[in-house]
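Below is one structure, written out as structure tokens; comments come after it.
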Amino acid sequence: MPKSKLPITLLDDFQPNSTGHDVLRYLVLPDLLGHSSDTLLYFSGRKLARKIDIHDLNDIYYFFQKISWGNLELIKEKKNELSFLLMSDEIVQRLKSSLFTEFNLEAGFLAEAIEIVFNRTCECEIKINERLFQINFKIIFTD
């Protein structure tokens, strides 16, 4: 039995400046990557961060804004943990979409970028607050 087709009006769920990106990310890549999609996107984000010349948190904030991932803000800092909040109109639009949205690419990028800036091994956990349209990233230092 063929999969049901998505309505063309689904394109209205995306921000005009990121529609092409979103179509690839949410409609094409999951089929290509299959069940490993979340893991592969996370490690793709890490690899992407290694290709960018990052020196400090401001570089990370700048990158997130320039590629329309949203406004990233450090909200809590502990000895072995950092908490970030990601918000923007793009995030609201993605979370309101009828498609399943994920933030593994962003989490992987952030984890690797933090490793570069702080010179400490870490991983990133994601928590999506759909009520407030916010994404919480928790960086956990593992060294």
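By order of appearance in the structure tokens: chains A, B, ..., then residues from 1 within every chain, and ligands from 1 in the order shown.
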
For this session: Just the strand (DSSP E or B) stuff from stretch 40-109 of chain A, please, per backbone DSSP, written as a list in words.
Result: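 So, restricting stretch 40-109 of chain A to strand (DSSP E or B), we get Asn71, Leu72, Glu73, Leu74, Ile75, Lys76, Glu77, Lys78, Glu81, Leu82, Ser83, Phe84, Leu85, Leu86 and Met87 of chain A.
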
Based on the selection just made, write N, CA and C atoms of those residues as a compact mmCIF listing (two decimals), in the first residue's frame.
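As a result, out_3.txt now contains:
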```txt
# COMPACT_ATOMS: atom_id res chain seq x y z
N ASN A 71 17.83 31.65 18.07
CA ASN A 71 18.64 32.43 19.01
C ASN A 71 19.00 31.53 20.19
N LEU A 72 20.28 31.29 20.33
CA LEU A 72 20.79 30.41 21.37
C LEU A 72 21.27 31.26 22.54
N GLU A 73 20.93 30.83 23.75
CA GLU A 73 21.30 31.58 24.94
C GLU A 73 21.73 30.62 26.05
N LEU A 74 22.87 30.91 26.66
CA LEU A 74 23.32 30.15 27.82
C LEU A 74 22.49 30.61 29.01
N ILE A 75 21.78 29.68 29.66
CA ILE A 75 20.91 30.09 30.77
C ILE A 75 21.38 29.58 32.12
N LYS A 76 22.25 28.56 32.13
CA LYS A 76 22.73 28.03 33.41
C LYS A 76 24.10 27.40 33.19
N GLU A 77 24.99 27.64 34.14
CA GLU A 77 26.33 27.07 34.06
C GLU A 77 26.68 26.43 35.39
N LYS A 78 27.01 25.14 35.34
CA LYS A 78 27.47 24.41 36.51
C LYS A 78 28.85 23.85 36.19
N GLU A 81 28.18 20.98 33.62
CA GLU A 81 26.95 21.07 32.83
C GLU A 81 26.69 22.50 32.39
N LEU A 82 26.22 22.64 31.16
CA LEU A 82 25.76 23.94 30.64
C LEU A 82 24.36 23.74 30.10
N SER A 83 23.49 24.71 30.33
CA SER A 83 22.14 24.65 29.79
C SER A 83 21.93 25.82 28.85
N PHE A 84 21.42 25.50 27.67
CA PHE A 84 21.15 26.50 26.65
C PHE A 84 19.67 26.46 26.29
N LEU A 85 19.17 27.61 25.86
CA LEU A 85 17.79 27.73 25.41
C LEU A 85 17.84 28.22 23.96
N LEU A 86 17.06 27.58 23.10
CA LEU A 86 16.97 27.96 21.70
C LEU A 86 15.54 28.41 21.42
N MET A 87 15.41 29.63 20.92
CA MET A 87 14.09 30.19 20.63
C MET A 87 14.18 31.02 19.35
```

Taking only residues of stretch 32-126 of chain A that have an atom at most 7 Å from an atom of stretch 14-19 of chain A, what is each one's shortest atom pair and its distance in Å to one decimal, using only C-alpha atoms, in chain and number order, as a tab-separated table?
```
residue	atom	partner	partner_atom	distance
A:Glu90	CA	A:Gln15	CA	6.3
A:Gln93	CA	A:Phe14	CA	6.2
A:Arg94	CA	A:Phe14	CA	6.6
```

Exercise. Between atom CA of A:Asp56 and atom CA of A:Gly108, what is the spacing in Å?
Worked result: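 That distance, rounded to one decimal, is 16.7 Å.
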
For this session: Can you pull out every residue within 8 Å of stretch 30-47 of chain A, counting only C-alpha atoms, but drop anything in the same chain fewer than 3 positions away, and send it as a list in words?
Result: Arg25, Tyr26, Leu27, Arg50, Lys51, Glu102, Asn104, Leu105, Glu106, Ala107, Gly108, Phe109, Leu110, Ala111, Glu112 and Ala113 of chain A

Problem set entry | Distance query stretch 127-131 of chain A at most 9 Å, only C-alpha atoms, self and fewer than 5 positions along chain excluded, as a list of chain:residue names |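 Answer for this query is A:Val92, A:Leu95, A:Lys96, A:Glu102, A:Phe103, A:Asn136, A:Phe137, A:Lys138.
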
Please save C-alpha atoms of the selected residues as a PDB file, in the first residue's frame.
```
ATOM      1  CA  VAL A  92       7.743  28.197  16.728  1.00  0.00           C
ATOM      2  CA  LEU A  95       7.039  23.016  16.341  1.00  0.00           C
ATOM      3  CA  LYS A  96       3.624  24.049  15.010  1.00  0.00           C
ATOM      4  CA  GLU A 102      13.841  17.109  15.659  1.00  0.00           C
ATOM      5  CA  PHE A 103      16.892  19.072  16.751  1.00  0.00           C
ATOM      6  CA  ASN A 136      16.545  23.148  25.880  1.00  0.00           C
ATOM      7  CA  PHE A 137      20.004  21.768  25.245  1.00  0.00           C
ATOM      8  CA  LYS A 138      21.909  20.358  28.193  1.00  0.00           C
TER       9      LYS A 138
END
```

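Closest approach to A:Lys79 among A:Ile67, A:Ile139, A:Ala49, A:Ile60 is made by A:Ile139 (distances from only C-alpha atoms).
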
Exercise. Which one of A:Ile126, A:Leu24, A:Ile114, A:Leu99 sits closest to A:Asp12 if you count only C-alpha atoms?
Worked result: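 Under the stated criterion, the closest residue is A:Leu99.
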
Exercise. What is the distance, in Å and to one decimal place, between atom CA of A:Ser68 and atom CA of A:Pro7?
Worked result: 24.7 Å

For this session: Check the DSSP output for the backbone and give back, as a ChimeraX atom specification, the residues of chain A in alpha helix (DSSP H).
Result: /A:19-23,29-33,37-50,57-66,89-96,104-118

For the selection you just gave me, I'd like the residues written to a file as an mmCIF file, in the first residue's frame, keeping C-alpha atoms.
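Contents of out-v4.cif, freshly written:
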```
data_model
loop_
_atom_site.group_PDB
_atom_site.id
_atom_site.type_symbol
_atom_site.label_atom_id
_atom_site.label_comp_id
_atom_site.auth_asym_id
_atom_site.auth_seq_id
_atom_site.Cartn_x
_atom_site.Cartn_y
_atom_site.Cartn_z
ATOM 1 C CA THR A 19 11.558 26.027 3.153
ATOM 2 C CA GLY A 20 14.108 24.256 0.939
ATOM 3 C CA HIS A 21 16.190 23.257 3.937
ATOM 4 C CA ASP A 22 13.144 22.055 5.861
ATOM 5 C CA VAL A 23 11.802 19.980 2.965
ATOM 6 C CA LEU A 29 16.571 12.794 4.908
ATOM 7 C CA PRO A 30 14.440 10.592 7.200
ATOM 8 C CA ASP A 31 13.735 8.279 4.260
ATOM 9 C CA LEU A 32 17.396 8.190 3.250
ATOM 10 C CA LEU A 33 18.768 7.717 6.765
ATOM 11 C CA SER A 37 18.355 9.307 11.301
ATOM 12 C CA ASP A 38 18.615 10.881 14.781
ATOM 13 C CA THR A 39 22.094 9.483 15.420
ATOM 14 C CA LEU A 40 23.394 10.344 11.966
ATOM 15 C CA LEU A 41 22.099 13.908 12.191
ATOM 16 C CA TYR A 42 23.684 14.337 15.638
ATOM 17 C CA PHE A 43 27.091 13.192 14.383
ATOM 18 C CA SER A 44 26.679 15.232 11.196
ATOM 19 C CA GLY A 45 26.209 18.283 13.414
ATOM 20 C CA ARG A 46 29.401 17.413 15.292
ATOM 21 C CA LYS A 47 31.297 17.026 12.026
ATOM 22 C CA LEU A 48 29.948 20.343 10.764
ATOM 23 C CA ALA A 49 31.215 22.130 13.886
ATOM 24 C CA ARG A 50 34.716 20.781 13.216
ATOM 25 C CA LEU A 57 30.348 31.226 22.629
ATOM 26 C CA ASN A 58 29.649 34.302 20.511
ATOM 27 C CA ASP A 59 30.818 32.384 17.438
ATOM 28 C CA ILE A 60 28.335 29.625 18.282
ATOM 29 C CA TYR A 61 25.494 32.134 18.775
ATOM 30 C CA TYR A 62 26.415 33.816 15.484
ATOM 31 C CA PHE A 63 26.391 30.509 13.609
ATOM 32 C CA PHE A 64 22.965 29.519 14.968
ATOM 33 C CA GLN A 65 21.505 32.884 13.942
ATOM 34 C CA LYS A 66 23.109 33.017 10.494
ATOM 35 C CA ASP A 89 10.061 32.412 15.097
ATOM 36 C CA GLU A 90 11.565 29.551 13.081
ATOM 37 C CA ILE A 91 11.396 27.278 16.143
ATOM 38 C CA VAL A 92 7.743 28.197 16.728
ATOM 39 C CA GLN A 93 6.959 27.478 13.076
ATOM 40 C CA ARG A 94 8.789 24.129 13.154
ATOM 41 C CA LEU A 95 7.039 23.016 16.341
ATOM 42 C CA LYS A 96 3.624 24.049 15.010
ATOM 43 C CA ASN A 104 19.645 16.467 16.580
ATOM 44 C CA LEU A 105 21.732 18.340 14.014
ATOM 45 C CA GLU A 106 21.733 21.409 16.252
ATOM 46 C CA ALA A 107 22.532 19.324 19.344
ATOM 47 C CA GLY A 108 25.473 17.633 17.661
ATOM 48 C CA PHE A 109 26.818 20.943 16.406
ATOM 49 C CA LEU A 110 26.474 22.499 19.851
ATOM 50 C CA ALA A 111 28.179 19.560 21.592
ATOM 51 C CA GLU A 112 31.191 19.688 19.297
ATOM 52 C CA ALA A 113 31.391 23.479 19.354
ATOM 53 C CA ILE A 114 31.372 23.453 23.165
ATOM 54 C CA GLU A 115 34.116 20.805 23.142
ATOM 55 C CA ILE A 116 36.181 23.124 20.942
ATOM 56 C CA VAL A 117 35.582 26.239 23.073
ATOM 57 C CA PHE A 118 35.993 24.626 26.496
#
```

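You can rank A:Ile54, A:Leu6, A:Ile135, A:Leu11 by their closest distance to A:Asn119 using only C-alpha atoms, and at the top of that list sits A:Ile54.
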